[in-house]
$ cat target-v4.txt   # compact mmCIF, C-alpha atoms
# COMPACT_ATOMS: atom_id res chain seq x y z
CA MET N 25 19.62 -125.93 46.44
CA ARG N 26 15.83 -126.29 46.24
CA GLU N 27 15.85 -126.36 50.03
CA PHE N 28 16.92 -122.70 50.05
CA PHE N 29 15.69 -121.36 46.72
CA SER N 30 12.40 -122.55 45.29
CA GLY N 31 9.21 -121.20 43.79
CA ILE N 32 7.72 -120.90 47.28
CA ASP N 33 10.67 -118.78 48.38
CA ILE N 34 10.11 -116.40 45.46
CA VAL N 35 6.35 -116.13 46.01
CA VAL N 36 6.70 -115.53 49.77
CA THR N 37 9.44 -112.94 49.23
CA VAL N 38 7.46 -111.03 46.60
CA PHE N 39 4.41 -110.87 48.87
CA LEU N 40 6.56 -109.75 51.80
CA PHE N 41 8.18 -107.00 49.72
CA PHE N 42 4.75 -105.79 48.60
CA PHE N 43 3.21 -105.59 52.09
CA ILE N 44 6.37 -104.12 53.61
CA TYR N 45 6.37 -101.42 50.94
CA LEU N 46 2.76 -100.48 51.72
CA PHE N 47 3.60 -100.25 55.42
CA VAL N 48 6.80 -98.21 55.19
CA ARG N 49 5.41 -95.80 52.60
CA LYS N 50 2.56 -95.04 55.00
CA VAL N 51 5.01 -94.44 57.84
CA GLN N 52 7.18 -92.20 55.66
CA GLU N 53 4.25 -90.14 54.38
CA THR N 54 2.96 -89.70 57.94
CA ASN N 55 6.27 -88.39 59.31
CA ILE N 56 8.11 -86.68 56.46
CA GLU N 57 6.42 -83.29 56.79
CA ARG N 58 7.53 -83.04 60.40
CA TYR N 59 10.87 -84.84 60.10
CA SER N 60 12.64 -84.29 56.79
CA TYR N 61 15.12 -87.10 57.46
CA TYR N 62 12.26 -89.59 56.90
CA SER N 63 13.04 -89.15 53.20
CA HIS N 64 15.57 -91.95 53.80
CA TYR N 65 13.09 -94.30 55.48
CA THR N 66 11.74 -96.37 52.58
CA ARG N 67 14.97 -96.23 50.60
CA ALA N 68 17.14 -97.33 53.51
CA LEU N 69 14.88 -100.26 54.38
CA PHE N 70 14.54 -101.52 50.82
CA ILE N 71 18.27 -101.30 50.25
CA ARG N 72 18.66 -103.64 53.22
CA LEU N 73 15.97 -105.97 51.87
CA PHE N 74 17.60 -105.97 48.44
CA PHE N 75 21.05 -106.70 49.83
CA GLY N 76 19.56 -109.41 52.04
CA VAL N 77 18.23 -111.22 48.96
CA CYS N 78 21.53 -110.65 47.15
CA PHE N 79 23.44 -112.04 50.12
CA ALA N 80 21.23 -115.14 50.20
CA CYS N 81 21.65 -115.70 46.46
CA VAL N 82 25.44 -115.27 46.67
CA TYR N 83 25.66 -117.96 49.35
CA ILE N 84 23.32 -120.26 47.39
CA PHE N 85 24.81 -119.91 43.90
CA TYR N 86 28.37 -118.60 44.42
CA TYR N 87 29.56 -120.14 47.69
CA ASP N 88 27.27 -123.18 47.40
CA GLY N 89 26.27 -122.97 51.06
CA GLY N 90 27.74 -121.71 54.30
CA ASP N 91 27.01 -120.57 57.84
CA THR N 92 23.84 -118.75 56.87
CA GLN N 93 22.17 -121.95 55.65
CA TYR N 94 23.23 -123.76 58.82
CA TYR N 95 21.56 -121.07 60.91
CA PHE N 96 18.41 -121.53 58.82
CA THR N 97 18.33 -125.31 59.25
CA GLY N 98 19.12 -124.91 62.96
CA ALA N 99 16.14 -122.60 63.43
CA ARG N 100 13.98 -125.01 61.43
CA SER N 101 14.90 -127.94 63.65
CA ILE N 102 13.88 -125.94 66.74
CA VAL N 103 10.52 -124.98 65.20
CA ARG N 104 9.82 -128.59 64.23
CA MET N 105 10.63 -129.66 67.78
CA ALA N 106 7.59 -127.62 68.91
CA THR N 107 5.30 -130.07 67.10
CA LYS N 108 7.01 -133.02 68.76
CA ASN N 109 7.77 -131.83 72.29
CA VAL N 110 6.63 -128.36 73.37
CA GLY N 111 8.57 -128.50 76.62
CA ALA N 112 11.78 -129.31 74.78
CA PHE N 113 11.10 -126.45 72.36
CA PHE N 114 10.96 -123.88 75.17
CA ARG N 115 14.04 -125.34 76.83
CA LEU N 116 15.90 -125.00 73.54
CA MET N 117 14.72 -121.43 73.12
CA ILE N 118 16.12 -120.37 76.49
CA GLY N 119 19.50 -121.85 75.60
CA GLU N 120 19.60 -125.30 77.17
CA ARG N 121 22.00 -127.65 75.36
CA THR N 122 21.97 -131.02 77.08
CA PRO N 123 22.55 -134.52 75.68
CA GLU N 124 18.95 -135.29 76.60
CA LEU N 125 17.64 -132.50 74.36
CA LEU N 126 19.98 -133.48 71.55
CA SER N 127 18.65 -137.04 71.67
CA LEU N 128 15.10 -135.79 71.00
CA PHE N 129 15.97 -134.66 67.47
CA ASP N 130 15.27 -137.16 64.70
CA TYR N 131 14.43 -137.31 60.99
CA SER N 132 11.08 -135.56 61.59
CA THR N 133 12.71 -132.50 63.15
CA GLY N 134 16.01 -132.55 61.37
CA TRP N 135 19.28 -132.61 63.24
CA PRO N 136 20.37 -129.29 64.77
CA THR N 137 23.37 -127.49 63.39
CA TYR N 138 25.85 -125.80 65.72
CA PHE N 139 24.25 -127.43 68.78
CA LYS N 140 27.65 -127.78 70.46
CA ASP N 141 28.67 -124.18 69.70
CA ALA N 142 26.81 -121.94 72.16
CA ASN N 143 27.46 -118.72 70.25
CA SER N 144 26.35 -120.04 66.86
CA TRP N 145 23.44 -121.95 68.37
CA ALA N 146 22.21 -118.66 69.85
CA VAL N 147 21.76 -117.30 66.31
CA CYS N 148 19.56 -120.30 65.50
CA ARG N 149 17.47 -119.67 68.64
CA PHE N 150 17.03 -115.95 68.05
CA SER N 151 16.11 -116.55 64.39
CA VAL N 152 13.15 -118.81 65.17
CA PRO N 153 10.50 -116.00 65.04
CA PHE N 154 11.83 -114.92 61.64
CA TYR N 155 11.64 -118.50 60.37
CA VAL N 156 7.97 -118.67 61.37
CA LEU N 157 7.09 -115.24 59.93
CA GLY N 158 9.00 -116.10 56.77
CA CYS N 159 6.72 -119.13 56.25
CA GLY N 160 9.64 -121.52 56.67
CA THR N 161 11.46 -120.24 53.58
CA TYR N 162 15.08 -119.11 53.52
CA LEU N 163 14.50 -115.94 51.46
CA GLY N 164 11.34 -115.12 53.41
CA MET N 165 13.17 -115.56 56.70
CA THR N 166 15.98 -113.26 55.53
CA THR N 167 13.46 -110.64 54.39
CA VAL N 168 11.49 -110.66 57.64
CA MET N 169 14.70 -110.49 59.67
CA ASN N 170 15.89 -107.39 57.81
CA PHE N 171 12.48 -105.76 58.14
CA VAL N 172 12.22 -106.31 61.90
CA LEU N 173 15.84 -105.43 62.69
CA PHE N 174 15.65 -102.27 60.62
CA PHE N 175 13.63 -100.54 63.36
CA PRO N 176 16.40 -100.59 66.02
CA LEU N 177 18.76 -99.23 63.35
CA TRP N 178 16.33 -96.43 62.52
CA ARG N 179 15.89 -95.72 66.21
CA PHE N 180 19.64 -95.21 66.55
CA TYR N 181 19.62 -93.00 63.44
CA ARG N 182 16.89 -90.84 64.99
CA MET N 183 19.04 -90.51 68.10
CA ILE N 184 22.12 -89.18 66.30
CA VAL N 185 19.97 -86.89 64.17
CA LYS N 186 18.66 -85.36 67.40
CA LEU N 187 22.25 -84.98 68.59
CA TYR N 188 23.41 -83.48 65.27
CA PRO N 189 20.29 -82.17 63.43
CA LYS N 190 22.18 -80.72 60.46
CA CYS N 191 24.03 -83.93 59.65
CA SER N 192 21.08 -86.19 58.90
CA ASP N 193 22.08 -86.89 55.28
CA TYR N 194 25.71 -87.53 56.21
CA PHE N 195 24.77 -90.00 58.92
CA ALA N 196 22.16 -91.71 56.74
CA PHE N 197 25.03 -92.65 54.44
CA ALA N 198 27.12 -93.94 57.34
CA LEU N 199 24.34 -96.14 58.71
CA PHE N 200 22.40 -97.26 55.65
CA TYR N 201 24.42 -96.90 52.45
CA ILE N 202 27.94 -98.27 53.01
CA PRO N 203 28.07 -101.22 50.57
CA SER N 204 29.96 -103.72 52.73
CA VAL N 205 27.78 -102.94 55.76
CA CYS N 206 24.64 -103.34 53.64
CA PHE N 207 25.82 -106.66 52.20
CA TRP N 208 27.35 -108.42 55.20
CA GLY N 209 24.97 -106.75 57.65
CA SER N 210 21.81 -107.98 55.94
CA GLY N 211 22.50 -111.70 55.83
CA LEU N 212 21.49 -114.38 58.30
CA LEU N 213 24.77 -114.34 60.23
CA LYS N 214 26.02 -113.28 63.65
CA ASP N 215 27.03 -109.90 62.27
CA ILE N 216 23.57 -108.40 61.81
CA TRP N 217 22.70 -109.23 65.42
CA CYS N 218 25.89 -107.60 66.66
CA VAL N 219 25.44 -104.41 64.62
CA VAL N 220 21.84 -103.96 65.76
CA GLY N 221 22.74 -104.90 69.33
CA VAL N 222 25.52 -102.31 69.61
CA PHE N 223 23.29 -99.55 68.22
CA SER N 224 20.44 -100.57 70.52
CA ILE N 225 22.66 -100.46 73.60
CA TYR N 226 23.67 -96.90 72.76
CA THR N 227 20.10 -95.80 72.07
CA SER N 228 18.81 -97.34 75.30
CA CYS N 229 21.57 -95.70 77.34
CA TRP N 230 20.70 -92.35 75.79
CA MET N 231 17.03 -92.74 76.64
CA ILE N 232 17.63 -94.04 80.18
CA PHE N 233 20.51 -91.91 81.45
CA ILE N 234 20.52 -88.78 79.31
CA ARG N 235 16.95 -88.07 78.17
CA LYS N 236 15.45 -89.99 81.13
CA LYS N 237 12.37 -91.03 79.16
CA LYS N 238 10.58 -94.37 78.93
CA ILE N 239 13.08 -95.80 81.39
CA VAL N 240 11.29 -99.11 82.01
CA ILE N 241 10.83 -100.08 78.35
CA ASN N 242 14.34 -98.97 77.46
CA SER N 243 15.78 -100.93 80.38
CA ILE N 244 14.04 -104.02 79.02
CA ILE N 245 15.41 -103.31 75.54
CA TYR N 246 18.90 -102.85 77.01
CA LEU N 247 18.76 -106.14 78.91
CA PHE N 248 17.43 -107.99 75.86
CA TRP N 249 20.24 -106.83 73.59
CA ALA N 250 22.81 -107.34 76.34
CA TYR N 251 21.65 -110.96 76.50
CA VAL N 252 21.75 -111.30 72.70
CA LEU N 253 25.27 -109.89 72.40
CA THR N 254 26.57 -111.90 75.36
CA SER N 255 25.10 -115.05 73.82
CA ILE N 256 26.51 -114.48 70.33
CA ARG N 257 29.77 -112.51 70.75
CA PRO N 258 30.45 -111.65 74.40
CA TYR N 259 33.40 -109.35 73.70
CA THR N 260 31.17 -107.13 71.54
CA PHE N 261 28.97 -106.44 74.54
CA TYR N 262 32.00 -105.93 76.81
CA THR N 263 33.25 -103.23 74.44
CA VAL N 264 29.96 -101.39 73.97
CA PHE N 265 29.21 -101.65 77.70
CA ALA N 266 32.52 -99.96 78.55
CA THR N 267 32.29 -97.22 75.93
CA SER N 268 28.65 -96.40 76.69
CA ILE N 269 29.62 -96.01 80.37
CA VAL N 270 32.31 -93.55 79.25
CA TRP N 271 29.66 -91.58 77.35
CA ILE N 272 27.30 -91.46 80.35
CA GLY N 273 30.09 -90.64 82.78
CA LEU N 274 31.36 -87.73 80.69
CA HIS N 275 27.82 -86.46 80.24
CA TRP N 276 27.29 -86.33 83.99
CA LEU N 277 30.71 -84.77 84.50
CA LYS N 278 29.78 -81.86 82.24
CA LYS N 279 26.94 -80.95 84.56
CA PHE N 280 29.50 -79.30 86.83
CA ASP N 281 29.80 -75.65 85.79
CA SER N 282 33.28 -75.26 87.23
CA ARG N 283 36.10 -76.44 84.98
CA PHE N 284 38.24 -76.97 88.09
CA ILE N 285 35.67 -79.31 89.62
CA ARG N 286 35.36 -81.26 86.36
CA VAL N 287 39.12 -81.72 86.14
CA ALA N 288 39.38 -82.67 89.82
CA PHE N 289 36.45 -85.06 89.62
CA PHE N 290 37.62 -86.80 86.44
CA PRO N 291 40.12 -89.23 88.11
CA PHE N 292 37.43 -90.29 90.59
CA MET N 293 34.96 -90.87 87.76
CA ALA N 294 37.57 -92.90 85.85
CA VAL N 295 38.12 -95.13 88.89
CA VAL N 296 34.37 -95.62 89.30
CA ILE N 297 33.96 -96.56 85.62
CA ALA N 298 36.87 -98.99 85.82
CA GLY N 299 35.41 -100.52 88.99
CA ILE N 300 31.99 -100.96 87.37
CA PHE N 301 33.58 -102.64 84.37
CA ILE N 302 35.69 -105.02 86.49
CA VAL N 303 32.71 -106.05 88.62
CA PHE N 304 30.64 -106.48 85.49
CA MET N 305 33.27 -108.68 83.82
CA ASP N 306 33.59 -110.87 86.91
CA ASN N 307 29.85 -111.57 86.90
CA VAL N 308 28.84 -111.59 83.25
CA SER N 309 31.78 -113.64 81.97
CA ASP N 310 30.46 -116.55 84.05
CA LEU N 311 27.23 -116.43 82.03
CA ALA N 312 28.91 -116.08 78.63
CA GLU N 313 30.12 -119.07 76.68
CA GLY N 314 32.57 -119.61 73.85
CA LYS N 315 36.20 -118.89 73.17
CA TYR N 316 35.82 -115.10 73.69
CA ALA N 317 33.84 -115.23 76.94
CA THR N 318 36.60 -113.95 79.22
CA VAL N 319 39.65 -111.71 78.89
CA GLY N 320 41.95 -114.67 79.50
CA SER N 321 40.27 -116.82 76.85
CA MET N 322 40.38 -113.92 74.39
CA MET N 323 44.13 -113.51 74.85
CA GLU N 324 44.73 -117.24 74.50
CA GLN N 325 42.60 -117.40 71.35
CA ALA N 326 44.54 -114.51 69.81
CA VAL N 327 47.82 -116.38 70.27
CA ILE N 328 46.31 -119.62 68.91
CA ILE N 329 45.16 -117.81 65.76
CA GLN N 330 48.57 -116.31 65.17
CA ASP N 331 50.25 -119.69 65.67
CA ASP N 332 47.73 -121.20 63.27
CA LEU N 333 48.92 -118.86 60.53
CA LYS N 334 52.01 -120.98 60.16
CA ARG N 335 49.82 -123.67 58.65
CA ASP N 336 49.20 -123.81 54.91
CA TYR N 337 45.44 -124.22 54.76
CA TYR N 338 44.70 -120.49 55.17
CA GLY N 339 46.39 -119.70 51.86
CA SER N 340 46.58 -116.13 50.56
CA ASN N 341 43.38 -115.07 52.32
CA SER N 342 45.14 -114.66 55.66
CA PHE N 343 47.40 -112.00 57.14
CA ASP N 344 49.95 -112.02 59.91
CA ILE N 345 50.67 -109.18 62.34
CA GLY N 346 53.47 -111.18 63.98
CA ALA N 347 53.81 -113.36 67.06
CA PHE N 348 53.03 -112.11 70.57
CA ASP N 349 52.49 -113.42 74.11
CA ALA N 350 49.10 -114.00 75.72
CA THR N 351 49.65 -111.07 78.07
CA ILE N 352 48.40 -107.50 78.03
CA PRO N 353 51.93 -106.02 77.55
CA GLY N 354 52.61 -108.55 74.79
CA MET N 355 49.42 -107.61 72.97
CA LEU N 356 49.91 -103.87 73.38
CA LYS N 357 53.19 -104.21 71.49
CA LYS N 358 51.09 -105.15 68.47
CA LEU N 359 48.78 -102.14 68.83
CA PRO N 360 49.82 -100.33 65.59
CA GLN N 361 49.72 -103.47 63.42
CA ALA N 362 46.44 -104.67 64.92
CA LEU N 363 44.77 -101.27 64.54
CA MET N 364 45.84 -100.94 60.91
CA ALA N 365 44.47 -104.41 60.21
CA GLY N 366 41.24 -103.84 62.12
CA LEU N 367 40.50 -100.46 60.55
CA TYR N 368 41.96 -100.55 57.03
CA ARG N 369 42.66 -104.07 55.79
CA PRO N 370 42.36 -105.78 53.39
CA TYR N 371 44.16 -103.25 51.25
CA ILE N 372 42.98 -103.13 47.68
CA TRP N 373 46.04 -105.07 46.43
CA GLU N 374 45.30 -107.86 48.92
CA ALA N 375 41.83 -108.56 47.46
CA ARG N 376 41.38 -112.06 46.07
CA THR N 377 37.62 -112.03 45.44
CA PRO N 378 35.12 -109.43 44.15
CA PHE N 379 33.81 -108.97 47.70
CA MET N 380 37.28 -108.35 49.06
CA LEU N 381 37.87 -105.88 46.22
CA LEU N 382 34.77 -103.93 47.25
CA SER N 383 36.01 -103.82 50.82
CA GLY N 384 39.49 -102.82 49.66
CA ILE N 385 38.08 -99.82 47.76
CA GLU N 386 36.11 -98.77 50.84
CA ASN N 387 39.19 -99.11 53.00
CA ILE N 388 41.26 -96.90 50.70
CA LEU N 389 38.58 -94.20 50.83
CA ILE N 390 38.35 -94.40 54.62
CA LEU N 391 42.14 -94.28 54.93
CA LEU N 392 42.23 -91.16 52.74
CA MET N 393 39.47 -89.57 54.82
CA THR N 394 41.46 -90.36 57.97
CA PHE N 395 44.55 -88.66 56.54
CA TRP N 396 42.40 -85.68 55.54
CA ALA N 397 40.99 -85.43 59.07
CA LEU N 398 44.43 -85.57 60.65
CA ILE N 399 45.81 -82.93 58.26
CA LYS N 400 42.85 -80.55 58.23
CA VAL N 401 41.66 -80.75 61.81
CA ARG N 402 45.03 -81.46 63.44
CA PHE N 403 45.01 -80.38 67.09
CA GLY N 404 41.43 -79.18 66.76
CA LEU N 405 40.44 -82.83 66.72
CA PHE N 406 41.33 -83.24 70.36
CA SER N 407 39.43 -80.14 71.45
CA LEU N 408 36.43 -81.29 69.41
CA LEU N 409 36.42 -84.71 71.04
CA ALA N 410 36.86 -83.14 74.48
CA ARG N 411 33.64 -81.19 73.87
CA ASP N 412 31.66 -84.02 72.27
CA ASN N 413 31.05 -86.95 74.63
CA PHE N 414 29.29 -89.11 72.06
CA LEU N 415 31.99 -88.81 69.39
CA LEU N 416 34.65 -89.54 71.98
CA SER N 417 32.76 -92.60 73.16
CA ILE N 418 32.30 -94.10 69.70
CA LEU N 419 35.93 -93.29 68.83
CA VAL N 420 37.00 -95.35 71.85
CA PHE N 421 34.70 -98.13 70.60
CA VAL N 422 36.23 -97.98 67.10
CA LEU N 423 39.79 -98.12 68.41
CA ALA N 424 39.12 -100.83 71.02
CA PHE N 425 37.09 -103.04 68.69
CA GLY N 426 39.43 -102.45 65.76
CA PHE N 427 42.42 -103.43 67.92
CA PHE N 428 40.68 -106.57 69.12
CA ILE N 429 39.60 -107.88 65.72
CA GLY N 430 42.95 -106.96 64.17
CA LEU N 431 44.63 -108.97 66.91
CA THR N 432 42.37 -112.02 66.99
CA ILE N 433 41.29 -112.49 63.37
CA ALA N 434 43.69 -113.72 60.70
CA ASN N 435 41.31 -114.24 57.80
CA PHE N 436 40.31 -111.37 55.51
CA GLY N 437 36.84 -112.81 54.92
CA ALA N 438 36.07 -112.84 58.64
CA LEU N 439 37.77 -109.48 59.16
CA VAL N 440 35.51 -107.75 56.63
CA ARG N 441 32.41 -109.14 58.31
CA TYR N 442 33.50 -108.32 61.86
CA ARG N 443 34.47 -104.76 60.96
CA ILE N 444 30.95 -103.77 59.86
CA ILE N 445 30.20 -103.28 63.56
CA LEU N 446 32.68 -100.41 63.90
CA LEU N 447 32.57 -99.07 60.34
CA PRO N 448 29.35 -96.97 60.70
CA PHE N 449 30.76 -95.37 63.88
CA PHE N 450 34.07 -94.62 62.17
CA VAL N 451 32.36 -93.04 59.17
CA VAL N 452 30.05 -91.01 61.46
CA ILE N 453 33.14 -89.49 63.10
CA LEU N 454 34.83 -88.73 59.77
CA LEU N 455 31.68 -87.22 58.24
CA ARG N 456 31.07 -85.12 61.32
CA LEU N 457 34.59 -83.70 60.97
CA TRP N 458 33.95 -83.15 57.26
CA TYR N 459 30.77 -81.23 58.05
CA LEU N 460 32.42 -79.06 60.70
CA ASN N 461 35.31 -78.24 58.36
CA LYS N 462 32.82 -77.30 55.63
CA GLN N 463 30.92 -75.03 58.03
CA GLN N 464 34.16 -73.41 59.14
CA LYS N 465 35.07 -72.62 55.52
CA LEU N 466 31.66 -71.09 54.90
CA GLN N 467 32.05 -68.95 58.01
CA GLU N 468 35.48 -67.78 56.89
CA ASP N 469 34.16 -66.89 53.42
CA GLN N 470 31.34 -64.84 54.94
CA ASP N 471 33.79 -62.98 57.18

$ encode --input "target-v4.txt" --output "structure tokens"
Amino acid sequence: MREFFSGIDIVVTVFLFFFIYLFVRKVQETNIERYSYYSHYTRALFIRLFFGVCFACVYIFYYDGGDTQYYFTGARSIVRMATKNVGAFFRLMIGERTPELLSLFDYSTGWPTYFKDANSWAVCRFSVPFYVLGCGTYLGMTTVMNFVLFFPLWRFYRMIVKLYPKCSDYFAFALFYIPSVCFWGSGLLKDIWCVVGVFSIYTSCWMIFIRKKKIVINSIIYLFWAYVLTSIRPYTFYTVFATSIVWIGLHWLKKFDSRFIRVAFFPFMAVVIAGIFIVFMDNVSDLAEGKYATVGSMMEQAVIIQDDLKRDYYGSNSFDIGAFDATIPGMLKKLPQALMAGLYRPYIWEARTPFMLLSGIENILILLMTFWALIKVRFGLFSLLARDNFLLSILVFVLAFGFFIGLTIANFGALVRYRIILLPFFVVILLRLWYLNKQQKLQEDQD
């Protein structure tokens, strides 16, 4: 335990909190007079830092270790390799995983964790700068990671505030204050990289294709996060790539003034988007590694997981949506069950741990909000989405990603972590509908 929680960890973390506070308070004070939504800046960041420390302590004292510590020791072994063989260090950082490189590790560097798992090893590689800035401490590394990765999250928040200026407080809650997103999205896991990556892809697309500003720098940011997502969870990038193309395509389609032209041009645009996605999948899937690198491997893995449920070692922490074939028609038959699992499970009565109970309470609230939206908005929902390209795009992301994780994940613990990628989007949609309904009522009262 001293390896992950010691006096040095505490001292480094306290100093980091102090200097981060001085920095963010200055940024907030500089911007708050011009942008009122900066009132969330310091609070949102320090909630993430607080939950990051809580997450680390839970894994140290409650779970007695786990993936997060393995990512830490993996990053440490790479850093120590720099003092032994600089060339090997850079080869490791760009993703090489050869027997020759593995043989270079010894007691002085420590042996690398997850070296044979390309997706998990990528987390170790990408975490190296945070290990260095965190002075080689686990808590310091977690704190620096949350500080640095907060800025892409804030950048996305600024984007949606520009799209919906009167909803800044609503969307601040969706992005920064959902408990399960704060907890699972602030730990040294794959999940924080995926959440930040998805948001960054959307923000870069907005800057490049819609605002047409700072195209070069945003193209570099896009390519960086595309590489990160493809390295860690390829299917996450496939999903956000497809839905962001839908957003851009619909935005361009609206430039036609004639409704007739838009309707006539829509099938052509749909074919073009589908063609881009197919070409993209054929090329990028060759670069991705892991069990979810291609559509075929994803379908096979989904069936393997469901077959695995027949074994006893999962216990009561698993769920079963039923058997299906590794074909697209076979999977589509499970669409309702998979979507319910991906969006709303575990139900509160399925919780077996305090963390599952927290998620269960959130899920009940989100389910109730969904029912409210369907009852209150009814057919107006479709007209709203037809007018709002961004909401339609993120709704497609929520449904596609929710279906996929509901289909391919059979463990509630993993399901809760994976869903934090779609949960902010889902809550943004629901809160936007809540706001519009509230405004409609005020308008009716005034009339």

$ closest_residue --input "target-v4.txt" --among "N:Pro258, N:Gly384, N:Pro136, N:Pro189" --to "Met105 of chain N" --atoms "all atoms listed in the file"
N:Pro136

$ residues_around --input "target-v4.txt" --residues "Pro448 of chain N" --least-positions-apart "5" --cutoff "8 Å" --atoms "all atoms listed in the file" --output "list of chain:residue names"
N:Ala198, N:Leu199, N:Ile202, N:Val205

$ axis_aligned_box --input "target-v4.txt" --around "segment 366-374 of chain N" --padding-each-side "4 Å" --output "JSON"
{"center_x": 43.3, "center_y": -104.2, "center_z": 54.3, "size_x": 13.5, "size_y": 15.4, "size_z": 23.7}

$ atom_distance --input "target-v4.txt" --atom1 "atom CA of Gly158 of chain N" --atom2 "atom CA of Ala106 of chain N"
16.8 Å

$ atom_distance --input "target-v4.txt" --atom1 "atom CA of Ile445 of chain N" --atom2 "atom CA of Phe195 of chain N"
15.1 Å

$ atom_distance --input "target-v4.txt" --atom1 "atom CA of Val172 of chain N" --atom2 "atom CA of Arg72 of chain N"
11.1 Å

$ residues_near_point --input "target-v4.txt" --point "(15.8, -91.7, 71.5)" --cutoff "7 Å" --atoms "only C-alpha atoms" --output "PyMOL selection string"
chain N and resi 179+182-183+227+230-231

$ closest_atom_pairs --input "target-v4.txt" --of "segment 134-242 of chain N" --to "segment 424-444 of chain N" --cutoff "12 Å" --atoms "all atoms listed in the file" --output "JSON lines"
{"residue": "N:Ala198", "atom": "CA", "partner": "N:Ile444", "partner_atom": "CA", "distance": 10.8}
{"residue": "N:Leu199", "atom": "CA", "partner": "N:Ile444", "partner_atom": "CA", "distance": 10.2}
{"residue": "N:Phe200", "atom": "CA", "partner": "N:Ile444", "partner_atom": "CA", "distance": 11.5}
{"residue": "N:Ile202", "atom": "CA", "partner": "N:Ile444", "partner_atom": "CA", "distance": 9.3}
{"residue": "N:Pro203", "atom": "CA", "partner": "N:Ile444", "partner_atom": "CA", "distance": 10.1}
{"residue": "N:Ser204", "atom": "CA", "partner": "N:Ile444", "partner_atom": "CA", "distance": 7.2}
{"residue": "N:Val205", "atom": "CA", "partner": "N:Ile444", "partner_atom": "CA", "distance": 5.2}
{"residue": "N:Cys206", "atom": "CA", "partner": "N:Ile444", "partner_atom": "CA", "distance": 8.9}
{"residue": "N:Phe207", "atom": "CA", "partner": "N:Arg441", "partner_atom": "CA", "distance": 9.3}
{"residue": "N:Trp208", "atom": "CA", "partner": "N:Arg441", "partner_atom": "CA", "distance": 6.0}
{"residue": "N:Gly209", "atom": "CA", "partner": "N:Ile444", "partner_atom": "CA", "distance": 7.0}
{"residue": "N:Ser210", "atom": "CA", "partner": "N:Ile444", "partner_atom": "CA", "distance": 10.8}
{"residue": "N:Gly211", "atom": "CA", "partner": "N:Arg441", "partner_atom": "CA", "distance": 10.5}
{"residue": "N:Leu213", "atom": "CA", "partner": "N:Arg441", "partner_atom": "CA", "distance": 9.4}
{"residue": "N:Lys214", "atom": "CA", "partner": "N:Tyr442", "partner_atom": "CA", "distance": 9.2}
{"residue": "N:Asp215", "atom": "CA", "partner": "N:Tyr442", "partner_atom": "CA", "distance": 6.7}
{"residue": "N:Ile216", "atom": "CA", "partner": "N:Ile444", "partner_atom": "CA", "distance": 8.9}
{"residue": "N:Trp217", "atom": "CA", "partner": "N:Ile444", "partner_atom": "CA", "distance": 11.3}
{"residue": "N:Cys218", "atom": "CA", "partner": "N:Tyr442", "partner_atom": "CA", "distance": 9.0}
{"residue": "N:Val219", "atom": "CA", "partner": "N:Ile444", "partner_atom": "CA", "distance": 7.3}
{"residue": "N:Val220", "atom": "CA", "partner": "N:Ile444", "partner_atom": "CA", "distance": 10.9}
{"residue": "N:Val222", "atom": "CA", "partner": "N:Ile444", "partner_atom": "CA", "distance": 11.3}

$ closest_residue --input "target-v4.txt" --among "N:Lys358, N:Phe74, N:Lys140, N:Tyr62" --to "Pro123 of chain N" --atoms "all atoms listed in the file"
N:Lys140

$ residues_around --input "target-v4.txt" --residues "Leu212 of chain N" --least-positions-apart "2" --cutoff "12 Å" --atoms "all atoms listed in the file" --output "CSV table (one decimal) with C-alpha atoms, keeping the file's coordinate frame"
chain,number,residue,atom,x,y,z
N,73,LEU,CA,16.0,-106.0,51.9
N,75,PHE,CA,21.0,-106.7,49.8
N,76,GLY,CA,19.6,-109.4,52.0
N,77,VAL,CA,18.2,-111.2,49.0
N,78,CYS,CA,21.5,-110.6,47.2
N,79,PHE,CA,23.4,-112.0,50.1
N,80,ALA,CA,21.2,-115.1,50.2
N,81,CYS,CA,21.6,-115.7,46.5
N,83,TYR,CA,25.7,-118.0,49.4
N,90,GLY,CA,27.7,-121.7,54.3
N,91,ASP,CA,27.0,-120.6,57.8
N,92,THR,CA,23.8,-118.8,56.9
N,93,GLN,CA,22.2,-122.0,55.6
N,94,TYR,CA,23.2,-123.8,58.8
N,95,TYR,CA,21.6,-121.1,60.9
N,96,PHE,CA,18.4,-121.5,58.8
N,97,THR,CA,18.3,-125.3,59.2
N,98,GLY,CA,19.1,-124.9,63.0
N,99,ALA,CA,16.1,-122.6,63.4
N,144,SER,CA,26.4,-120.0,66.9
N,147,VAL,CA,21.8,-117.3,66.3
N,148,CYS,CA,19.6,-120.3,65.5
N,150,PHE,CA,17.0,-116.0,68.0
N,151,SER,CA,16.1,-116.6,64.4
N,152,VAL,CA,13.2,-118.8,65.2
N,154,PHE,CA,11.8,-114.9,61.6
N,155,TYR,CA,11.6,-118.5,60.4
N,162,TYR,CA,15.1,-119.1,53.5
N,163,LEU,CA,14.5,-115.9,51.5
N,164,GLY,CA,11.3,-115.1,53.4
N,165,MET,CA,13.2,-115.6,56.7
N,166,THR,CA,16.0,-113.3,55.5
N,167,THR,CA,13.5,-110.6,54.4
N,168,VAL,CA,11.5,-110.7,57.6
N,169,MET,CA,14.7,-110.5,59.7
N,170,ASN,CA,15.9,-107.4,57.8
N,173,LEU,CA,15.8,-105.4,62.7
N,207,PHE,CA,25.8,-106.7,52.2
N,208,TRP,CA,27.4,-108.4,55.2
N,209,GLY,CA,25.0,-106.8,57.6
N,210,SER,CA,21.8,-108.0,55.9
N,214,LYS,CA,26.0,-113.3,63.6
N,215,ASP,CA,27.0,-109.9,62.3
N,216,ILE,CA,23.6,-108.4,61.8
N,217,TRP,CA,22.7,-109.2,65.4
N,218,CYS,CA,25.9,-107.6,66.7
